[in-house]
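*Asks:* I am sharing start28.cif, which consists of mmCIF, C-alpha atoms:
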data_model
#
loop_
_atom_site.group_PDB
_atom_site.id
_atom_site.type_symbol
_atom_site.label_atom_id
_atom_site.label_comp_id
_atom_site.auth_asym_id
_atom_site.auth_seq_id
_atom_site.Cartn_x
_atom_site.Cartn_y
_atom_site.Cartn_z
ATOM 1 C CA MET A 1 34.233 17.409 -0.629
ATOM 2 C CA GLY A 2 35.964 14.238 0.551
ATOM 3 C CA LEU A 3 33.176 12.395 2.362
ATOM 4 C CA THR A 4 31.728 9.180 0.926
ATOM 5 C CA LEU A 5 28.389 7.424 1.170
ATOM 6 C CA ARG A 6 30.165 4.521 2.835
ATOM 7 C CA GLN A 7 31.404 6.827 5.576
ATOM 8 C CA LEU A 8 27.845 8.031 6.133
ATOM 9 C CA GLU A 9 26.561 4.446 6.331
ATOM 10 C CA VAL A 10 29.237 3.578 8.903
ATOM 11 C CA PHE A 11 28.573 6.766 10.867
ATOM 12 C CA LEU A 12 24.814 6.056 10.975
ATOM 13 C CA ALA A 13 25.403 2.498 12.164
ATOM 14 C CA VAL A 14 27.400 3.872 15.113
ATOM 15 C CA ALA A 15 24.859 6.648 15.691
ATOM 16 C CA GLU A 16 22.012 4.119 15.863
ATOM 17 C CA THR A 17 23.789 1.547 18.037
ATOM 18 C CA LEU A 18 26.000 3.976 20.022
ATOM 19 C CA HIS A 19 28.566 1.200 20.016
ATOM 20 C CA PHE A 20 31.479 0.763 17.605
ATOM 21 C CA GLY A 21 31.567 -3.022 18.050
ATOM 22 C CA ARG A 22 27.861 -3.536 17.386
ATOM 23 C CA ALA A 23 28.068 -1.209 14.388
ATOM 24 C CA ALA A 24 30.900 -3.359 13.008
ATOM 25 C CA GLU A 25 28.792 -6.502 13.483
ATOM 26 C CA ARG A 26 25.831 -4.917 11.695
ATOM 27 C CA LEU A 27 27.995 -3.911 8.747
ATOM 28 C CA HIS A 28 30.053 -7.139 8.709
ATOM 29 C CA ILE A 29 33.334 -5.269 8.922
ATOM 30 C CA SER A 30 36.016 -4.985 11.588
ATOM 31 C CA GLN A 31 35.771 -2.563 14.489
ATOM 32 C CA PRO A 32 39.057 -0.815 13.534
ATOM 33 C CA THR A 33 37.564 -0.162 10.085
ATOM 34 C CA VAL A 34 34.523 1.452 11.695
ATOM 35 C CA SER A 35 36.749 3.652 13.841
ATOM 36 C CA GLN A 36 38.864 4.654 10.836
ATOM 37 C CA GLU A 37 35.847 5.591 8.704
ATOM 38 C CA VAL A 38 34.316 7.698 11.489
ATOM 39 C CA ALA A 39 37.670 9.410 12.093
ATOM 40 C CA ARG A 40 37.993 10.228 8.381
ATOM 41 C CA LEU A 41 34.489 11.672 8.370
ATOM 42 C CA GLU A 42 35.207 13.821 11.405
ATOM 43 C CA ARG A 43 38.371 15.152 9.771
ATOM 44 C CA THR A 44 36.424 15.968 6.621
ATOM 45 C CA VAL A 45 33.631 17.888 8.375
ATOM 46 C CA GLY A 46 36.039 19.416 10.897
ATOM 47 C CA VAL A 47 33.985 18.709 14.031
ATOM 48 C CA GLN A 48 33.674 15.916 16.564
ATOM 49 C CA LEU A 49 30.575 13.794 15.977
ATOM 50 C CA PHE A 50 30.764 11.518 19.030
ATOM 51 C CA ASP A 51 31.596 11.949 22.684
ATOM 52 C CA ARG A 52 33.637 8.867 23.500
ATOM 53 C CA SER A 53 34.499 7.408 26.865
ATOM 54 C CA ARG A 54 35.563 3.967 28.027
ATOM 55 C CA ARG A 55 32.003 3.053 28.895
ATOM 56 C CA SER A 56 29.780 4.942 26.475
ATOM 57 C CA VAL A 57 29.412 6.625 23.116
ATOM 58 C CA ALA A 58 27.053 9.568 22.562
ATOM 59 C CA LEU A 59 26.316 11.895 19.690
ATOM 60 C CA THR A 60 27.475 15.487 19.999
ATOM 61 C CA GLY A 61 25.178 18.295 18.882
ATOM 62 C CA ALA A 62 26.949 18.296 15.532
ATOM 63 C CA GLY A 63 26.587 14.524 15.424
ATOM 64 C CA GLU A 64 22.816 14.727 15.848
ATOM 65 C CA VAL A 65 22.578 17.124 12.912
ATOM 66 C CA MET A 66 24.895 14.883 10.894
ATOM 67 C CA ALA A 67 22.737 11.843 11.641
ATOM 68 C CA ALA A 68 19.526 13.562 10.494
ATOM 69 C CA GLU A 69 21.072 14.943 7.321
ATOM 70 C CA SER A 70 22.896 11.700 6.524
ATOM 71 C CA THR A 71 19.656 9.742 6.790
ATOM 72 C CA ARG A 72 17.979 12.174 4.400
ATOM 73 C CA LEU A 73 20.900 12.046 1.971
ATOM 74 C CA LEU A 74 20.994 8.242 1.871
ATOM 75 C CA GLU A 75 17.222 8.122 1.284
ATOM 76 C CA GLN A 76 17.643 10.556 -1.611
ATOM 77 C CA THR A 77 20.419 8.375 -2.965
ATOM 78 C CA GLU A 78 18.142 5.325 -2.922
ATOM 79 C CA SER A 79 15.442 7.316 -4.704
ATOM 80 C CA LEU A 80 17.952 8.469 -7.316
ATOM 81 C CA LEU A 81 19.067 4.900 -7.971
ATOM 82 C CA ALA A 82 15.462 3.727 -8.271
ATOM 83 C CA ARG A 83 14.728 6.420 -10.854
ATOM 84 C CA VAL A 84 17.821 5.603 -12.884
ATOM 85 C CA ARG A 85 17.095 1.871 -12.787
ATOM 86 C CA LEU A 86 13.711 2.471 -14.393
ATOM 87 C CA HIS A 87 15.735 2.934 -17.587
ATOM 88 C CA GLU A 88 17.666 -0.300 -17.251
ATOM 89 C CA GLU A 89 17.033 -2.300 -20.426
ATOM 90 C CA SER A 90 15.316 -5.140 -18.569
ATOM 91 C CA ARG A 91 12.913 -2.673 -16.899
ATOM 92 C CA LEU A 92 11.961 -0.566 -19.894
ATOM 93 C CA GLY A 93 9.190 -2.954 -20.918
ATOM 94 C CA THR A 94 8.181 -4.170 -17.449
ATOM 95 C CA VAL A 95 5.556 -2.854 -15.028
ATOM 96 C CA ARG A 96 5.094 -4.356 -11.574
ATOM 97 C CA ILE A 97 1.502 -3.891 -10.388
ATOM 98 C CA VAL A 98 0.447 -4.138 -6.732
ATOM 99 C CA ALA A 99 -3.276 -4.403 -6.031
ATOM 100 C CA SER A 100 -5.669 -4.785 -3.108
ATOM 101 C CA PRO A 101 -8.008 -7.814 -2.907
ATOM 102 C CA SER A 102 -11.123 -6.450 -4.624
ATOM 103 C CA VAL A 103 -9.029 -5.051 -7.485
ATOM 104 C CA VAL A 104 -7.613 -8.518 -8.131
ATOM 105 C CA ASN A 105 -11.103 -9.884 -8.718
ATOM 106 C CA ARG A 106 -12.143 -7.919 -11.800
ATOM 107 C CA LEU A 107 -10.143 -4.812 -12.707
ATOM 108 C CA LEU A 108 -6.669 -6.332 -12.708
ATOM 109 C CA PRO A 109 -7.542 -9.364 -14.881
ATOM 110 C CA ALA A 110 -9.288 -7.065 -17.373
ATOM 111 C CA VAL A 111 -6.278 -4.745 -17.536
ATOM 112 C CA VAL A 112 -3.742 -7.556 -17.912
ATOM 113 C CA SER A 113 -5.845 -9.235 -20.609
ATOM 114 C CA ARG A 114 -6.038 -6.034 -22.646
ATOM 115 C CA ALA A 115 -2.350 -5.330 -22.138
ATOM 116 C CA GLU A 116 -1.446 -8.750 -23.537
ATOM 117 C CA GLN A 117 -3.406 -7.945 -26.695
ATOM 118 C CA GLU A 118 -2.668 -4.245 -27.149
ATOM 119 C CA LEU A 119 0.803 -3.939 -25.596
ATOM 120 C CA PRO A 120 2.639 -7.130 -26.609
ATOM 121 C CA ALA A 121 6.030 -5.568 -25.830
ATOM 122 C CA LEU A 122 5.003 -4.974 -22.216
ATOM 123 C CA THR A 123 5.587 -7.511 -19.455
ATOM 124 C CA THR A 124 3.447 -7.171 -16.336
ATOM 125 C CA THR A 125 3.940 -8.823 -12.992
ATOM 126 C CA GLU A 126 1.176 -8.708 -10.387
ATOM 127 C CA LEU A 127 1.323 -8.710 -6.604
ATOM 128 C CA ALA A 128 -1.810 -9.010 -4.460
ATOM 129 C CA VAL A 129 -1.568 -7.527 -0.965
ATOM 130 C CA ASP A 130 -3.945 -7.159 1.966
ATOM 131 C CA THR A 131 -6.206 -4.145 2.345
ATOM 132 C CA GLY A 132 -4.169 -1.087 3.295
ATOM 133 C CA GLN A 133 -0.810 -2.362 2.003
ATOM 134 C CA VAL A 134 -0.679 -0.954 -1.540
ATOM 135 C CA SER A 135 1.036 2.371 -0.800
ATOM 136 C CA THR A 136 3.554 0.877 1.620
ATOM 137 C CA THR A 137 4.481 -1.684 -1.042
ATOM 138 C CA LEU A 138 5.071 1.111 -3.547
ATOM 139 C CA ALA A 139 7.091 3.099 -1.019
ATOM 140 C CA ALA A 140 9.319 0.059 -0.519
ATOM 141 C CA GLU A 141 10.095 0.121 -4.282
ATOM 142 C CA LEU A 142 8.497 -3.305 -4.760
ATOM 143 C CA ALA A 143 6.120 -2.159 -7.503
ATOM 144 C CA ASP A 144 5.708 0.545 -10.159
ATOM 145 C CA LEU A 145 1.926 0.909 -10.195
ATOM 146 C CA GLY A 146 -0.576 0.584 -7.353
ATOM 147 C CA LEU A 147 -4.332 -0.036 -7.497
ATOM 148 C CA GLY A 148 -6.518 0.164 -4.414
ATOM 149 C CA ARG A 149 -8.784 2.228 -2.182
ATOM 150 C CA PHE A 150 -7.954 5.114 0.139
ATOM 151 C CA LEU A 151 -4.294 4.963 -0.821
ATOM 152 C CA GLU A 152 -1.782 6.982 1.186
ATOM 153 C CA GLU A 153 0.254 9.905 -0.076
ATOM 154 C CA VAL A 154 3.811 8.720 -0.851
ATOM 155 C CA PRO A 155 6.606 11.186 -1.690
ATOM 156 C CA GLY A 156 7.588 10.842 -5.332
ATOM 157 C CA TYR A 157 4.308 9.164 -6.341
ATOM 158 C CA ARG A 158 1.195 10.551 -7.998
ATOM 159 C CA LEU A 159 -2.250 9.564 -6.729
ATOM 160 C CA GLU A 160 -5.286 9.616 -9.031
ATOM 161 C CA ARG A 161 -8.906 8.720 -8.328
ATOM 162 C CA ILE A 162 -10.053 6.637 -11.288
ATOM 163 C CA ALA A 163 -13.544 5.466 -10.293
ATOM 164 C CA ASP A 164 -16.280 5.570 -7.682
ATOM 165 C CA GLU A 165 -17.485 2.002 -7.475
ATOM 166 C CA PRO A 166 -21.014 1.182 -6.222
ATOM 167 C CA VAL A 167 -21.281 -0.482 -2.824
ATOM 168 C CA LEU A 168 -23.405 -3.632 -2.563
ATOM 169 C CA VAL A 169 -24.727 -5.615 0.391
ATOM 170 C CA ALA A 170 -23.368 -9.152 0.792
ATOM 171 C CA LEU A 171 -25.870 -11.587 2.322
ATOM 172 C CA GLY A 172 -26.410 -15.304 2.647
ATOM 173 C CA ARG A 173 -28.157 -16.742 -0.410
ATOM 174 C CA ASP A 174 -31.140 -17.921 1.642
ATOM 175 C CA HIS A 175 -31.567 -14.655 3.558
ATOM 176 C CA PRO A 176 -35.152 -13.312 3.150
ATOM 177 C CA LEU A 177 -33.809 -10.158 1.487
ATOM 178 C CA ALA A 178 -31.300 -11.890 -0.790
ATOM 179 C CA GLY A 179 -33.693 -11.938 -3.717
ATOM 180 C CA ARG A 180 -34.606 -8.258 -3.503
ATOM 181 C CA THR A 181 -34.708 -6.739 -6.982
ATOM 182 C CA THR A 182 -35.300 -3.180 -5.802
ATOM 183 C CA GLY A 183 -32.829 -1.341 -3.608
ATOM 184 C CA LEU A 184 -32.311 -2.751 -0.116
ATOM 185 C CA ARG A 185 -32.463 -0.330 2.818
ATOM 186 C CA LEU A 186 -29.794 -0.915 5.454
ATOM 187 C CA THR A 187 -32.374 -0.246 8.166
ATOM 188 C CA GLU A 188 -33.859 -3.601 7.158
ATOM 189 C CA LEU A 189 -30.636 -5.203 8.432
ATOM 190 C CA ARG A 190 -30.410 -3.307 11.711
ATOM 191 C CA ASP A 191 -30.546 -6.562 13.702
ATOM 192 C CA LEU A 192 -27.468 -8.019 11.964
ATOM 193 C CA PRO A 193 -23.825 -7.184 12.754
ATOM 194 C CA LEU A 194 -21.452 -5.944 10.047
ATOM 195 C CA LEU A 195 -18.611 -8.229 8.991
ATOM 196 C CA LEU A 196 -15.507 -6.066 8.541
ATOM 197 C CA TRP A 197 -11.754 -6.354 9.002
ATOM 198 C CA PRO A 198 -10.100 -4.628 12.022
ATOM 199 C CA ARG A 199 -9.871 -0.843 11.927
ATOM 200 C CA GLU A 200 -6.080 -0.900 12.303
ATOM 201 C CA GLN A 201 -5.898 -2.748 8.990
ATOM 202 C CA HIS A 202 -6.991 0.402 7.129
ATOM 203 C CA PRO A 203 -8.557 3.149 9.314
ATOM 204 C CA ARG A 204 -9.789 5.409 6.481
ATOM 205 C CA TYR A 205 -11.494 2.557 4.640
ATOM 206 C CA TYR A 206 -13.015 1.218 7.867
ATOM 207 C CA ASP A 207 -14.349 4.645 8.858
ATOM 208 C CA HIS A 208 -15.791 5.161 5.374
ATOM 209 C CA VAL A 209 -17.759 1.910 5.561
ATOM 210 C CA LEU A 210 -19.137 2.754 9.005
ATOM 211 C CA GLY A 211 -19.922 6.244 7.718
ATOM 212 C CA LEU A 212 -22.000 4.679 4.949
ATOM 213 C CA CYS A 213 -23.914 2.712 7.566
ATOM 214 C CA ALA A 214 -24.578 5.874 9.581
ATOM 215 C CA ALA A 215 -25.704 7.730 6.442
ATOM 216 C CA HIS A 216 -28.197 4.933 5.813
ATOM 217 C CA GLY A 217 -29.588 5.029 9.342
ATOM 218 C CA ILE A 218 -27.813 2.215 11.215
ATOM 219 C CA ASP A 219 -24.968 1.826 13.680
ATOM 220 C CA PRO A 220 -24.232 -1.904 13.528
ATOM 221 C CA PRO A 221 -21.940 -3.856 15.843
ATOM 222 C CA VAL A 222 -18.831 -5.020 13.990
ATOM 223 C CA LEU A 223 -17.725 -8.621 13.710
ATOM 224 C CA VAL A 224 -13.980 -8.629 13.102
ATOM 225 C CA SER A 225 -12.891 -10.452 9.971
ATOM 226 C CA PRO A 226 -9.526 -11.294 8.404
ATOM 227 C CA PRO A 227 -8.133 -8.542 6.129
ATOM 228 C CA ARG A 228 -9.869 -9.807 2.976
ATOM 229 C CA ILE A 229 -13.342 -10.669 4.319
ATOM 230 C CA VAL A 230 -12.971 -14.077 2.746
ATOM 231 C CA GLY A 231 -12.104 -17.557 3.857
ATOM 232 C CA SER A 232 -12.886 -18.716 7.353
ATOM 233 C CA ARG A 233 -15.392 -15.938 8.200
ATOM 234 C CA LEU A 234 -17.567 -16.111 5.088
ATOM 235 C CA TYR A 235 -19.714 -18.714 6.808
ATOM 236 C CA LEU A 236 -21.082 -15.865 8.957
ATOM 237 C CA LEU A 237 -22.621 -14.361 5.826
ATOM 238 C CA ALA A 238 -23.720 -17.694 4.401
ATOM 239 C CA ARG A 239 -25.506 -18.567 7.668
ATOM 240 C CA ASN A 240 -27.206 -15.158 7.894
ATOM 241 C CA ARG A 241 -25.313 -14.220 11.030
ATOM 242 C CA ALA A 242 -23.880 -11.010 9.521
ATOM 243 C CA PHE A 243 -23.908 -8.810 6.442
ATOM 244 C CA SER A 244 -21.088 -6.985 4.699
ATOM 245 C CA LEU A 245 -20.700 -3.967 2.420
ATOM 246 C CA VAL A 246 -18.521 -4.722 -0.587
ATOM 247 C CA PRO A 247 -17.567 -3.047 -3.886
ATOM 248 C CA GLY A 248 -19.538 -4.170 -6.912
ATOM 249 C CA SER A 249 -16.500 -5.949 -8.356
ATOM 250 C CA MET A 250 -16.790 -8.516 -5.540
ATOM 251 C CA THR A 251 -19.965 -9.892 -7.136
ATOM 252 C CA GLY A 252 -19.330 -13.487 -8.151
ATOM 253 C CA HIS A 253 -16.076 -13.659 -6.176
ATOM 254 C CA LEU A 254 -17.336 -14.582 -2.707
ATOM 255 C CA THR A 255 -18.876 -18.069 -2.480
ATOM 256 C CA GLU A 256 -21.923 -19.679 -4.023
ATOM 257 C CA ASP A 257 -23.649 -19.331 -0.630
ATOM 258 C CA VAL A 258 -23.297 -15.535 -0.622
ATOM 259 C CA VAL A 259 -25.005 -13.055 -2.959
ATOM 260 C CA THR A 260 -24.800 -9.292 -3.423
ATOM 261 C CA VAL A 261 -27.829 -6.998 -3.395
ATOM 262 C CA ARG A 262 -28.110 -3.400 -4.612
ATOM 263 C CA LEU A 263 -28.496 -0.698 -1.977
ATOM 264 C CA ASP A 264 -31.358 1.769 -1.883
ATOM 265 C CA GLY A 265 -29.630 5.127 -2.316
ATOM 266 C CA ARG A 266 -26.136 6.048 -3.469
ATOM 267 C CA ALA A 267 -23.097 4.555 -1.785
ATOM 268 C CA THR A 268 -19.664 4.279 -3.386
ATOM 269 C CA LEU A 269 -16.068 3.328 -2.692
ATOM 270 C CA PRO A 270 -13.225 5.199 -4.381
ATOM 271 C CA LEU A 271 -10.799 3.335 -6.596
ATOM 272 C CA GLU A 272 -7.352 4.895 -6.981
ATOM 273 C CA MET A 273 -4.185 4.467 -9.011
ATOM 274 C CA GLN A 274 -0.700 5.438 -7.841
ATOM 275 C CA TRP A 275 2.609 5.546 -9.718
ATOM 276 C CA ARG A 276 6.039 7.170 -9.716
ATOM 277 C CA THR A 277 5.939 10.798 -10.872
ATOM 278 C CA ASP A 278 9.308 10.354 -12.574
ATOM 279 C CA ASP A 279 8.318 7.247 -14.526
ATOM 280 C CA HIS A 280 8.180 8.759 -18.009
ATOM 281 C CA ARG A 281 8.424 5.484 -19.925
ATOM 282 C CA PRO A 282 5.866 5.555 -22.773
ATOM 283 C CA THR A 283 4.496 2.009 -22.453
ATOM 284 C CA PRO A 284 3.543 2.277 -18.750
ATOM 285 C CA ALA A 285 1.756 5.533 -19.634
ATOM 286 C CA VAL A 286 -0.364 3.623 -22.160
ATOM 287 C CA LEU A 287 -1.023 0.953 -19.537
ATOM 288 C CA ARG A 288 -2.315 3.611 -17.131
ATOM 289 C CA ASP A 289 -4.770 4.718 -19.830
ATOM 290 C CA LEU A 290 -6.002 1.126 -20.102
ATOM 291 C CA VAL A 291 -6.514 1.076 -16.335
ATOM 292 C CA ARG A 292 -8.591 4.266 -16.516
ATOM 293 C CA GLN A 293 -10.775 2.826 -19.266
ATOM 294 C CA GLU A 294 -11.421 -0.437 -17.443
ATOM 295 C CA ALA A 295 -12.004 1.341 -14.126
ATOM 296 C CA ALA A 296 -14.709 3.515 -15.716
ATOM 297 C CA ALA A 297 -16.707 0.357 -16.438
ATOM 298 C CA LEU A 298 -16.823 -0.407 -12.704
ATOM 299 C CA GLU A 299 -18.963 2.680 -12.097
ATOM 300 C CA GLU A 300 -21.846 1.143 -14.022
ATOM 301 C CA PRO A 301 -24.616 -0.101 -11.710
#
I'd like the structure from this file rewritten - as structure tokens, please.
*Replies:*
Amino acid sequence: MGLTLRQLEVFLAVAETLHFGRAAERLHISQPTVSQEVARLERTVGVQLFDRSRRSVALTGAGEVMAAESTRLLEQTESLLARVRLHEESRLGTVRIVASPSVVNRLLPAVVSRAEQELPALTTTELAVDTGQVSTTLAAELADLGLGRFLEEVPGYRLERIADEPVLVALGRDHPLAGRTTGLRLTELRDLPLLLWPREQHPRYYDHVLGLCAAHGIDPPVLVSPPRIVGSRLYLLARNRAFSLVPGSMTGHLTEDVVTVRLDGRATLPLEMQWRTDDHRPTPAVLRDLVRQEAAALEEP
């Protein structure tokens, strides 16, 4: 065939910058080298890819097609390398886990603890990310296994719902309803705003929480919180200036001034697991079974 991946990389740099000199700077090579690689590529494909003049460079029609297909081919190449590297000796017994904040509180420690006992040949590394960042971290090839809520579809990855976790109400410890032993009705909190992170942080999760409020008869104003609903804004709960809806695994992981109370009626948050479809290593498969077993325990009231 004659063309090389390096030629495609050089061609795309010129296609994106529309300037041979800037492409050379981006690639840390000389401008004559850029020109030579593009010329070789054009000879190989047999068509002109750029319209060149003294003042400008533009893609031809063939060049636009070449740019789109080259981008796709280089992405496939990266995916191929990632799949092959799963079988590198140093990776065979390693799983990198990325998890959202509430997963880090209870599920992830339980999984890692069991893995240490039952899978001694396995090494796990853990990465905690903000709400809404699990799937993008996987897509960037920074982890092998993702745990979170309302994860996004990622090409080459399987998505599995592993639990529906009960939703609890987070209130200040001295709130009049904080000691409720029977289910709390959200209509009893209609005068309080809801503490929640910005919608752009994770639109599907945000809309689900507000949908739960609507299903329970309220439409609360939202107080914007940092992505993890912890830290500097927790004082709003502790001082009874807001309430929040949290997964059951957050119980005991807020502050001593904040408690969780059971809701009257069913309300849940999905918990999901995501991993590479081409990761056929046996030990990670056993680890995923451990995750499923520990996640099932989260569904208990």
*Asks:* Would you compute, for all listed atoms of segment 11-26 of chain A, the axis-aligned bounding box grown by 3 Å on each side, and then report its centre and edge lengths in Å rounded to one decimal, as AutoDock Vina command-line options?
*Replies:*
--center_x 26.8 --center_y 0.1 --center_z 15.4 --size_x 15.6 --size_y 19.3 --size_z 15.2
*Asks:* Could you spell out the hits of the PyMOL selection byres ((chain A and resi 160-173) around 7) on the shown file, as a PyMOL selection string?
*Replies:* chain A and resi 158-159+174-175+178+237-240+243-248+257-263+267-274+292+295-296+298-299+301
*Asks:* Could you write out that same residue set with C-alpha atoms as a PDB file, in the coordinates of the input?
*Replies:*
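Heads up, here's the output in again18.pdb:
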ATOM      1  CA  ARG A 158       1.195  10.551  -7.998  1.00  0.00           C
ATOM      2  CA  LEU A 159      -2.250   9.564  -6.729  1.00  0.00           C
ATOM      3  CA  ASP A 174     -31.140 -17.921   1.642  1.00  0.00           C
ATOM      4  CA  HIS A 175     -31.567 -14.655   3.558  1.00  0.00           C
ATOM      5  CA  ALA A 178     -31.300 -11.890  -0.790  1.00  0.00           C
ATOM      6  CA  LEU A 237     -22.621 -14.361   5.826  1.00  0.00           C
ATOM      7  CA  ALA A 238     -23.720 -17.694   4.401  1.00  0.00           C
ATOM      8  CA  ARG A 239     -25.506 -18.567   7.668  1.00  0.00           C
ATOM      9  CA  ASN A 240     -27.206 -15.158   7.894  1.00  0.00           C
ATOM     10  CA  PHE A 243     -23.908  -8.810   6.442  1.00  0.00           C
ATOM     11  CA  SER A 244     -21.088  -6.985   4.699  1.00  0.00           C
ATOM     12  CA  LEU A 245     -20.700  -3.967   2.420  1.00  0.00           C
ATOM     13  CA  VAL A 246     -18.521  -4.722  -0.587  1.00  0.00           C
ATOM     14  CA  PRO A 247     -17.567  -3.047  -3.886  1.00  0.00           C
ATOM     15  CA  GLY A 248     -19.538  -4.170  -6.912  1.00  0.00           C
ATOM     16  CA  ASP A 257     -23.649 -19.331  -0.630  1.00  0.00           C
ATOM     17  CA  VAL A 258     -23.297 -15.535  -0.622  1.00  0.00           C
ATOM     18  CA  VAL A 259     -25.005 -13.055  -2.959  1.00  0.00           C
ATOM     19  CA  THR A 260     -24.800  -9.292  -3.423  1.00  0.00           C
ATOM     20  CA  VAL A 261     -27.829  -6.998  -3.395  1.00  0.00           C
ATOM     21  CA  ARG A 262     -28.110  -3.400  -4.612  1.00  0.00           C
ATOM     22  CA  LEU A 263     -28.496  -0.698  -1.977  1.00  0.00           C
ATOM     23  CA  ALA A 267     -23.097   4.555  -1.785  1.00  0.00           C
ATOM     24  CA  THR A 268     -19.664   4.279  -3.386  1.00  0.00           C
ATOM     25  CA  LEU A 269     -16.068   3.328  -2.692  1.00  0.00           C
ATOM     26  CA  PRO A 270     -13.225   5.199  -4.381  1.00  0.00           C
ATOM     27  CA  LEU A 271     -10.799   3.335  -6.596  1.00  0.00           C
ATOM     28  CA  GLU A 272      -7.352   4.895  -6.981  1.00  0.00           C
ATOM     29  CA  MET A 273      -4.185   4.467  -9.011  1.00  0.00           C
ATOM     30  CA  GLN A 274      -0.700   5.438  -7.841  1.00  0.00           C
ATOM     31  CA  ARG A 292      -8.591   4.266 -16.516  1.00  0.00           C
ATOM     32  CA  ALA A 295     -12.004   1.341 -14.126  1.00  0.00           C
ATOM     33  CA  ALA A 296     -14.709   3.515 -15.716  1.00  0.00           C
ATOM     34  CA  LEU A 298     -16.823  -0.407 -12.704  1.00  0.00           C
ATOM     35  CA  GLU A 299     -18.963   2.680 -12.097  1.00  0.00           C
ATOM     36  CA  PRO A 301     -24.616  -0.101 -11.710  1.00  0.00           C
TER      37      PRO A 301
END
*Asks:* Which residue out of A:Gly93, A:Gly132, A:Gly61, A:Gly146 has the minimum interatomic distance to Pro198 of chain A when all atoms listed in the file are used?
*Replies:*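 Of A:Gly93, A:Gly132, A:Gly61, A:Gly146, the one nearest Pro198 of chain A, counting all atoms listed in the file, is A:Gly132.
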*Asks:* Ranking A:Val95, A:Leu177, A:His19, A:Cys213 by minimum distance to Ala285 of chain A and counting only C-alpha atoms, which one comes first?
*Replies:*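 Nearest to Ala285 of chain A: A:Val95.
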*Asks:* Go through A:Thr71, A:Ser102, A:Ser249, A:Thr181 one by one, measure the shortest atom-to-atom distance of each to Asp264 of chain A using all atoms listed in the file, and give the residue with the smallest value.
*Replies:*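 Looking only at the distances to Asp264 of chain A, the closest residue turns out to be A:Thr181.
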*Asks:* Which value, in Å to one decimal, gives the distance between atom CA of Glu37 of chain A and atom CA of Val10 of chain A?
*Replies:*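 For atom CA of Glu37 of chain A relative to atom CA of Val10 of chain A, the distance reads 6.9 Å.
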*Asks:* Give me the residues near Glu126 of chain A as a list in words, where near means some atom within 9 Å (using only C-alpha atoms) and where sequence neighbours in that chain fewer than 4 positions away do not count.
*Replies:*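 The neighbour list is Val95, Arg96, Ile97, Val98, Ala99, Leu108 and Ala143 of chain A.
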*Asks:* To one decimal place, how far is atom CA of Glu118 of chain A from atom CA of Thr94 of chain A in Å?
*Replies:* 14.6 Å
*Asks:* Leaving out Thr131 of chain A and any residue of its chain fewer than 5 positions from it, which residues lie within 12 Å of it when counting only C-alpha atoms, given as a CSV table (one decimal) with C-alpha atoms, in the coordinates of the input?
*Replies:*
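The resulting file, around-v1.csv, is reproduced below:
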chain,number,residue,atom,x,y,z
A,98,VAL,CA,0.4,-4.1,-6.7
A,99,ALA,CA,-3.3,-4.4,-6.0
A,100,SER,CA,-5.7,-4.8,-3.1
A,101,PRO,CA,-8.0,-7.8,-2.9
A,102,SER,CA,-11.1,-6.4,-4.6
A,103,VAL,CA,-9.0,-5.1,-7.5
A,104,VAL,CA,-7.6,-8.5,-8.1
A,136,THR,CA,3.6,0.9,1.6
A,137,THR,CA,4.5,-1.7,-1.0
A,147,LEU,CA,-4.3,0.0,-7.5
A,148,GLY,CA,-6.5,0.2,-4.4
A,149,ARG,CA,-8.8,2.2,-2.2
A,150,PHE,CA,-8.0,5.1,0.1
A,151,LEU,CA,-4.3,5.0,-0.8
A,196,LEU,CA,-15.5,-6.1,8.5
A,197,TRP,CA,-11.8,-6.4,9.0
A,198,PRO,CA,-10.1,-4.6,12.0
A,199,ARG,CA,-9.9,-0.8,11.9
A,200,GLU,CA,-6.1,-0.9,12.3
A,201,GLN,CA,-5.9,-2.7,9.0
A,202,HIS,CA,-7.0,0.4,7.1
A,203,PRO,CA,-8.6,3.1,9.3
A,204,ARG,CA,-9.8,5.4,6.5
A,205,TYR,CA,-11.5,2.6,4.6
A,206,TYR,CA,-13.0,1.2,7.9
A,225,SER,CA,-12.9,-10.5,10.0
A,226,PRO,CA,-9.5,-11.3,8.4
A,227,PRO,CA,-8.1,-8.5,6.1
A,228,ARG,CA,-9.9,-9.8,3.0
A,229,ILE,CA,-13.3,-10.7,4.3
*Asks:* If you count only C-alpha atoms, which residues fall within 9 Å of Ala15 of chain A, apart from same-chain ones fewer than 6 positions away, as a list in words?
*Replies:*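 Residues meeting the cut-off are Ala23, Phe50, Val57, Ala58, Leu59, Gly63, Glu64 and Ala67 of chain A.
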*Asks:* Only C-alpha atoms, please: the residues just picked out, written as an mmCIF file, in the coordinates of the input.
*Replies:*
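Ended up saving to out_13.cif:
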data_model
loop_
_atom_site.group_PDB
_atom_site.id
_atom_site.type_symbol
_atom_site.label_atom_id
_atom_site.label_comp_id
_atom_site.auth_asym_id
_atom_site.auth_seq_id
_atom_site.Cartn_x
_atom_site.Cartn_y
_atom_site.Cartn_z
ATOM 1 C CA ALA A 23 28.068 -1.209 14.388
ATOM 2 C CA PHE A 50 30.764 11.518 19.030
ATOM 3 C CA VAL A 57 29.412 6.625 23.116
ATOM 4 C CA ALA A 58 27.053 9.568 22.562
ATOM 5 C CA LEU A 59 26.316 11.895 19.690
ATOM 6 C CA GLY A 63 26.587 14.524 15.424
ATOM 7 C CA GLU A 64 22.816 14.727 15.848
ATOM 8 C CA ALA A 67 22.737 11.843 11.641
#
*Asks:* Name every residue that the PyMOL selection byres ((chain A and resi 141) around 10) selects in this structure, writing the answer as a list of chain:residue names with chains first and numbers rising.
*Replies:*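 Listing what the PyMOL selection byres ((chain A and resi 141) around 10) selects in the shown file: A:Glu78, A:Ser79, A:Ala82, A:Arg96, A:Ser135, A:Thr136, A:Thr137, A:Leu138, A:Ala139, A:Ala140, A:Leu142, A:Ala143, A:Asp144, A:Arg276.
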